[in-house]
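> Below you'll find run.cif; it's mmCIF, C-alpha atoms and all ligand atoms.
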```
data_final
#
loop_
_atom_site.label_atom_id
_atom_site.label_comp_id
_atom_site.auth_asym_id
_atom_site.auth_seq_id
_atom_site.Cartn_x
_atom_site.Cartn_y
_atom_site.Cartn_z
CA MET A 4 23.54 -10.75 13.38
CA GLN A 5 20.33 -10.29 15.29
CA TYR A 6 19.01 -7.01 13.85
CA ALA A 7 18.48 -5.40 10.48
CA LEU A 8 16.96 -2.09 9.49
CA LEU A 9 13.76 -2.24 7.47
CA THR A 10 14.09 0.54 4.89
CA LYS A 11 10.34 1.15 4.84
CA ILE A 12 7.78 2.11 7.51
CA GLY A 13 10.25 4.81 8.57
CA GLY A 14 13.23 2.48 9.23
CA GLU A 15 12.23 0.03 11.94
CA LEU A 16 14.83 -2.22 13.58
CA ILE A 17 13.70 -5.79 12.94
CA GLU A 18 14.69 -8.85 14.94
CA ALA A 19 15.78 -11.84 12.86
CA SER A 20 13.62 -14.26 14.86
CA ARG A 21 10.53 -12.24 13.93
CA ALA A 22 11.34 -11.43 10.33
CA ASP A 23 9.72 -14.33 8.52
CA TYR A 24 7.67 -12.02 6.37
CA GLN A 25 7.51 -11.68 2.59
CA ASP A 26 6.93 -7.91 2.61
CA TYR A 27 10.37 -7.38 4.15
CA TYR A 28 12.12 -8.98 1.22
CA GLY A 29 14.44 -6.51 -0.50
CA PHE A 30 13.92 -3.87 2.21
CA LEU A 31 16.50 -4.97 4.77
CA LYS A 32 19.88 -3.34 5.35
CA CYS A 33 22.63 -3.41 7.94
CA PRO A 34 22.04 -0.62 10.50
CA GLU A 35 25.81 0.00 10.71
CA CYS A 36 27.16 -0.01 7.14
CA ASN A 37 23.85 0.38 5.22
CA GLU A 38 24.70 -2.58 2.95
CA PRO A 39 21.80 -4.87 2.03
CA VAL A 40 21.37 -7.96 4.20
CA PHE A 41 19.23 -11.06 3.87
CA LEU A 42 17.52 -13.30 6.37
CA ARG A 43 19.00 -16.71 7.12
CA GLN A 44 16.18 -18.75 8.60
CA GLY A 45 16.72 -20.71 11.81
CA HIS A 46 17.83 -24.26 11.04
CA LEU A 47 19.34 -27.43 12.48
CA ARG A 48 23.06 -28.00 11.99
CA GLN A 49 24.56 -31.23 13.32
CA ARG A 50 21.57 -31.57 15.66
CA LYS A 51 22.09 -28.06 16.97
CA GLN A 52 19.43 -25.40 16.49
CA ILE A 53 20.97 -22.37 14.74
CA LYS A 54 19.00 -19.18 15.37
CA ALA A 55 17.66 -17.03 12.53
CA SER A 56 20.05 -14.21 11.65
CA PHE A 57 20.71 -11.47 9.11
CA VAL A 58 23.69 -11.87 6.81
CA HIS A 59 25.42 -9.30 4.58
CA HIS A 60 25.17 -9.92 0.85
CA LYS A 61 28.76 -8.87 0.28
CA ALA A 62 31.62 -10.73 1.89
CA VAL A 63 33.62 -7.65 2.96
CA PRO A 64 36.07 -7.61 5.88
CA GLU A 65 34.17 -4.90 7.82
CA ILE A 66 31.24 -7.23 8.26
CA SER A 67 32.49 -8.75 11.45
CA ALA A 68 32.79 -5.21 12.83
CA CYS A 69 29.10 -4.57 12.03
CA GLU A 70 28.06 -7.78 13.70
CA LEU A 71 30.13 -6.95 16.75
CA ARG A 72 28.56 -3.51 17.08
CA ILE A 73 25.01 -4.75 16.50
CA GLY A 74 25.57 -7.50 19.04
CA LYS A 75 26.25 -4.80 21.64
CA TYR A 76 23.07 -2.78 21.01
CA SER A 77 21.56 -1.70 24.30
CA LYS A 78 17.90 -1.28 25.09
CA GLU A 79 18.39 2.47 24.62
CA ASP A 80 19.96 2.01 21.16
CA ILE A 81 16.98 -0.07 20.11
CA GLU A 82 14.52 2.46 21.50
CA ALA A 83 16.34 5.26 19.66
CA PHE A 84 15.82 3.43 16.33
CA ALA A 85 12.15 2.87 17.21
CA SER A 86 11.44 6.49 18.09
CA LYS A 87 13.19 7.76 14.97
CA ALA A 88 11.13 5.35 12.84
CA LYS A 89 7.93 6.45 14.53
CA LYS A 90 8.70 10.11 13.90
CA GLN A 91 9.31 9.42 10.19
CA ARG A 92 6.06 7.46 9.91
CA LEU A 93 3.98 10.14 11.60
CA GLN A 94 5.43 12.76 9.25
CA LYS A 95 4.31 10.74 6.25
CA LEU A 96 0.93 9.99 7.77
CA ASN A 97 0.41 13.64 8.58
CA ILE A 98 0.62 14.48 4.89
CA SER A 99 -1.40 11.62 3.44
CA MET A 100 -3.63 10.11 6.14
CA TRP A 101 -6.73 10.00 3.95
CA LYS A 102 -4.86 8.13 1.22
CA TYR A 103 -4.10 5.31 3.69
CA VAL A 104 -7.49 5.38 5.40
CA LYS A 105 -9.14 4.73 2.04
CA THR A 106 -7.21 1.46 1.67
CA ASN A 107 -8.80 -0.13 4.77
CA MET A 108 -10.72 -3.39 4.39
CA ALA A 109 -13.57 -2.67 6.82
CA VAL A 110 -15.31 0.47 5.52
CA ASN A 111 -15.70 1.61 1.93
CA PHE A 112 -15.05 5.35 1.63
CA LYS A 113 -15.38 5.67 -2.13
CA ASP A 114 -18.75 7.48 -1.85
CA TYR A 115 -17.32 10.26 0.30
CA ASP A 116 -17.50 13.03 -2.35
CA LYS A 117 -21.05 12.15 -3.30
CA LEU A 118 -22.24 11.95 0.31
CA LYS A 119 -20.48 15.18 1.22
CA THR A 120 -22.34 17.08 -1.50
CA GLN A 121 -25.62 15.45 -0.51
CA THR A 122 -25.34 16.26 3.17
CA LYS A 123 -23.46 19.57 3.33
CA ASN A 124 -26.65 21.68 3.71
CA VAL A 125 -28.51 19.26 5.98
CA LYS A 126 -28.25 20.95 9.36
CA SER A 127 -29.29 17.92 11.43
CA TYR A 128 -26.68 15.78 9.67
CA GLN A 129 -23.94 18.33 10.27
CA GLY A 130 -25.01 18.30 13.92
CA LEU A 131 -24.70 14.52 14.02
CA LEU A 132 -21.18 14.79 12.57
CA VAL A 133 -20.14 17.20 15.31
CA TYR A 134 -21.60 14.85 17.90
CA ALA A 135 -19.79 11.87 16.31
CA ASP A 136 -16.50 13.73 16.31
CA ASN A 137 -16.91 14.39 20.03
CA CYS A 138 -17.61 10.70 20.58
CA LEU A 139 -14.29 9.91 18.93
CA THR A 140 -12.16 12.60 20.55
CA ASN A 141 -13.58 11.77 24.01
CA ASN A 142 -12.61 8.11 23.54
CA VAL A 143 -9.08 8.33 22.16
CA GLU A 144 -7.51 6.15 24.85
CA PHE A 145 -10.31 3.61 24.64
CA ILE A 146 -9.93 3.26 20.86
CA VAL A 147 -6.13 3.23 20.77
CA ASP A 148 -5.27 1.31 23.94
CA ASN A 149 -8.31 -0.98 24.28
CA LEU A 150 -10.28 -1.50 21.10
CA ILE A 151 -7.40 -1.90 18.64
CA PRO A 152 -5.51 -4.45 20.81
CA GLN A 153 -8.81 -6.23 21.58
CA ILE A 154 -9.54 -6.68 17.91
CA GLY A 155 -5.95 -7.78 17.45
CA LYS A 156 -6.51 -10.50 20.01
CA VAL A 157 -9.74 -11.59 18.39
CA ILE A 158 -7.96 -11.94 15.08
CA ASN A 159 -5.05 -13.88 16.50
CA ASN A 160 -7.00 -16.21 18.79
CA LYS A 161 -10.07 -16.53 16.61
CA ASN A 162 -11.98 -15.94 19.83
CA ALA A 163 -15.49 -17.25 19.24
CA ALA A 164 -16.86 -15.21 22.14
CA VAL A 165 -16.49 -12.05 20.10
CA GLY A 166 -18.42 -13.40 17.16
CA GLU A 167 -19.82 -10.01 16.31
CA ILE A 168 -16.42 -8.63 15.40
CA MET A 169 -15.39 -11.90 13.76
CA GLY A 170 -18.35 -11.59 11.39
CA LEU A 171 -16.91 -8.34 10.13
CA LEU A 172 -13.39 -9.70 10.00
CA ASP A 173 -14.37 -12.70 7.89
CA LYS A 174 -14.29 -10.52 4.82
CA PHE A 175 -10.63 -9.69 5.19
CA ASN A 176 -9.30 -13.09 6.13
CA SER A 177 -6.56 -13.09 3.52
CA PHE A 178 -5.36 -9.72 4.77
CA VAL A 179 -5.12 -11.11 8.29
CA ASN A 180 -3.24 -14.17 7.06
CA ASP A 181 -0.74 -11.95 5.23
CA LEU A 182 0.08 -10.11 8.42
CA LYS A 183 0.08 -13.04 10.82
CA SER A 184 3.83 -13.24 11.16
CA ASP A 185 4.29 -9.66 12.29
CA TRP A 186 1.04 -8.73 13.90
CA LEU A 187 2.74 -6.88 16.77
CA LEU A 188 4.48 -4.43 14.46
CA HIS A 189 1.28 -3.98 12.46
CA GLU A 190 -0.74 -3.30 15.60
CA LYS A 191 1.86 -0.83 16.86
CA ILE A 192 1.63 1.22 13.66
CA ALA A 193 -2.18 0.97 13.61
CA LYS A 194 -2.26 2.43 17.14
CA GLU A 195 0.14 5.25 16.24
CA ALA A 196 -1.85 6.12 13.14
CA ALA A 197 -5.18 6.05 15.01
CA GLY A 198 -3.69 8.30 17.69
CA LEU A 199 -2.70 10.83 15.02
CA PHE A 200 -6.10 10.55 13.31
CA LEU A 201 -7.84 11.32 16.60
CA SER A 202 -5.66 14.36 17.36
CA PRO A 203 -6.90 17.97 16.85
CA GLN A 204 -4.98 18.54 13.62
CA MET A 205 -6.86 15.70 11.85
CA LYS A 206 -10.35 17.14 12.30
CA GLU A 207 -10.86 17.55 8.57
CA ILE A 208 -9.88 13.93 7.84
CA ARG A 209 -12.19 12.66 10.60
CA TYR A 210 -14.99 14.70 9.06
CA ARG A 211 -14.54 12.78 5.79
CA ALA A 212 -14.66 9.43 7.56
CA LEU A 213 -17.69 10.45 9.59
CA VAL A 214 -19.64 11.72 6.56
CA VAL A 215 -19.56 8.12 5.33
CA LEU A 216 -19.87 6.30 8.67
CA CYS A 217 -22.84 8.36 9.93
CA TYR A 218 -24.80 8.15 6.70
CA PRO A 219 -28.12 6.52 7.70
CA LYS A 220 -28.06 3.90 4.93
CA ASN A 221 -24.59 2.83 6.05
CA MET A 222 -25.48 2.67 9.76
CA GLU A 223 -28.65 0.78 8.97
CA LEU A 224 -26.65 -2.00 7.35
CA LEU A 225 -24.94 -2.79 10.65
CA ASN A 226 -27.70 -2.04 13.14
CA ARG A 227 -31.23 -0.77 12.39
CA ASP A 228 -31.51 0.58 15.93
CA LEU A 229 -28.92 3.23 15.05
CA VAL A 230 -31.42 4.92 12.73
CA GLU A 231 -34.67 3.90 14.46
CA LEU A 232 -34.07 4.70 18.12
CA ASN A 233 -34.60 8.18 19.52
CA MET A 234 -31.28 10.01 19.23
CA GLN A 235 -31.80 11.71 22.58
CA SER A 236 -32.06 8.37 24.39
CA GLU A 237 -29.38 6.84 26.55
CA THR A 238 -29.67 3.57 24.59
CA TRP A 239 -29.02 5.24 21.25
CA ASN A 240 -26.16 7.21 22.72
CA LYS A 241 -24.44 4.04 23.93
CA LEU A 242 -25.11 2.15 20.73
CA PHE A 243 -23.81 5.00 18.58
CA THR A 244 -20.62 5.42 20.62
CA ASN A 245 -19.98 1.68 20.35
CA TYR A 246 -20.62 1.76 16.62
CA ILE A 247 -18.43 4.74 15.79
CA THR A 248 -15.48 3.74 17.99
CA LEU A 249 -15.49 0.15 16.74
CA GLN A 250 -15.66 1.25 13.10
CA ILE A 251 -12.64 3.52 13.53
CA ALA A 252 -10.68 0.76 15.30
CA LEU A 253 -11.56 -1.65 12.49
CA VAL A 254 -10.51 0.86 9.84
CA PHE A 255 -7.07 1.33 11.40
CA ILE A 256 -6.40 -2.34 12.12
CA SER A 257 -7.38 -3.27 8.56
CA ILE A 258 -4.91 -1.04 6.71
CA ASN A 259 -1.82 -2.93 5.59
CA TRP A 260 0.66 -0.47 7.11
CA ILE A 261 3.76 -2.58 6.65
CA LYS A 262 3.07 -3.07 2.97
CA LEU A 263 1.90 0.48 2.17
CA LEU A 264 4.00 2.86 4.24
CA PRO A 265 7.17 3.91 2.43
ZN ZN A 301 27.16 -3.91 7.97
#
```
In structure tokens, what does this structure look like?

Amino acid sequence: MQYALLTKIGGELIEASRADYQDYYGFLKCPECNEPVFLRQGHLRQRKQIKASFVHHKAVPEISACELRIGKYSKEDIEAFASKAKKQRLQKLNISMWKYVKTNMAVNFKDYDKLKTQTKNVKSYQGLLVYADNCLTNNVEFIVDNLIPQIGKVINNKNAAVGEIMGLLDKFNSFVNDLKSDWLLHEKIAKEAAGLFLSPQMKEIRYRALVVLCYPKNMELLNRDLVELNMQSETWNKLFTNYITLQIALVFISINWIKLLP
């Protein structure tokens, strides 16, 4: 049969032709009878190409009924599975967003507590954090619909033209290789999670990320102009918006959602 239900990441319907992925192993079940299934890779049989498919572990008579039903899934059926899975994921993310954000490969958030204590009474810094949060919440669409897919493309095409981003991505090459076979699903979840992170209810979590991202020593590492230019200037404003939006996109694209989300 063509589809199986992945029992993690909220229960996503997975297509057999796209399921060549080690993290799925042991997490696949039949969407009709809930019995475990396994992936039979595409192969040649008597010079004919046999498509990849999911097969029940148990040889029970009802199996053909499952396959018949799954074979008739309409576009709406498939969308219903997808929206249910998304809802489940967002519920989990709502409770533990920070836990997942901390696992990203682009920005190290381990100093958050220390930096928070250091900066909590610095008025100008608190002002910068408010400004940064506005930068993010005024650019939600840009981050979710443009930046994240753009970075996705860079990763997949190894586009030399965007060398600046590539430089940052070099350090999580193995992560990217792990995900190569299901980048689309990964990117979809990264976009959902970023959308939630940028919504009003996540203000406190954004504050944590911004305490670390806006810390002068951290900004300096990526671009000295961020701490040297006049903060009232148009140039700084542009540079800062680019910096903060790109960092957030990189954080969300570099969390291994498929592996980590239950
Ligand atoms: Zn079944």
> Write as a PyMOL selection string the residues around ligand ZN 301 (chain A), taking 6 Å as the cut-off and counting only C-alpha atoms and all ligand atoms.
chain A and resi 33+35-36+38+66+69
> Select, from A:Ala19, A:Leu187, A:Ala55, A:Leu118, the residue with the minimum atom-to-atom distance to Lys220 of chain A, counting only C-alpha atoms.
A:Leu118
> Hey, which of A:Ile12, A:Ala22, A:Leu263, A:Ile98 ends up closest to Arg43 of chain A? Count all atoms listed in the file.
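The closest residue to Arg43 of chain A is A:Ala22.
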> Quick one: everything within 9 Å of Glu18 of chain A, counting only C-alpha atoms, minus sequence neighbours fewer than 2 positions away in the same chain. Send it as a list in words.
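Counting only the stated atoms, we get Gln5, Tyr6, Ala7, Leu8, Leu16, Ser20, Arg21, Ala22, Ser56 and Phe57 of chain A.
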> What would the file look like if the residues just selected were written as an mmCIF file, in the frame of the given file with C-alpha atoms?

```cif
data_model
loop_
_atom_site.group_PDB
_atom_site.id
_atom_site.type_symbol
_atom_site.label_atom_id
_atom_site.label_comp_id
_atom_site.auth_asym_id
_atom_site.auth_seq_id
_atom_site.Cartn_x
_atom_site.Cartn_y
_atom_site.Cartn_z
ATOM 1 C CA GLN A 5 20.330 -10.290 15.290
ATOM 2 C CA TYR A 6 19.010 -7.010 13.850
ATOM 3 C CA ALA A 7 18.480 -5.400 10.480
ATOM 4 C CA LEU A 8 16.960 -2.090 9.490
ATOM 5 C CA LEU A 16 14.830 -2.220 13.580
ATOM 6 C CA SER A 20 13.620 -14.260 14.860
ATOM 7 C CA ARG A 21 10.530 -12.240 13.930
ATOM 8 C CA ALA A 22 11.340 -11.430 10.330
ATOM 9 C CA SER A 56 20.050 -14.210 11.650
ATOM 10 C CA PHE A 57 20.710 -11.470 9.110
#
```
> As an MDAnalysis selection string, please: the residues near Glu195 of chain A (cut-off 10 Å, only C-alpha atoms, same-chain neighbours under 6 positions excluded).
chainID A and resid 89 92:93 96 147 255
> Which one of A:Glu15, A:Glu82, A:Glu190, A:Asp116 sits closest to Trp260 of chain A if you count all atoms listed in the file?
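Between A:Glu15, A:Glu82, A:Glu190, A:Asp116, the residue approaching Trp260 of chain A most closely is A:Glu190.
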> Ranking A:Val214, A:Met4, A:Ala252, A:Met205 by minimum distance to Ala68 of chain A and counting only C-alpha atoms, which one comes first?
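Result for the nearest residue to Ala68 of chain A: A:Met4.
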> Find the residue from A:His60, A:Lys126, A:Lys119, A:Lys75 that sits nearest to Val215 of chain A; use only C-alpha atoms when measuring.
A:Lys119
> A:Gln204, A:Val230, A:Pro152, A:Tyr218: which is nearest Lys191 of chain A, counting only C-alpha atoms?
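Closest residue, counting only C-alpha atoms: A:Pro152.
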> Which residues, written as a ChimeraX atom specification, have at least one atom at most 9 Å from Leu229 of chain A, with only C-alpha atoms counted and residues fewer than 6 positions away on the same chain left out?
/A:219,222-223,239,242-243,246
> So which residues fall inside 12 Å of (-8.0, 3.1, 23.5) if we count only C-alpha atoms? Mind giving them as a ChimeraX atom specification?
/A:139-154,193-195,197-198,201,248-249,251-252
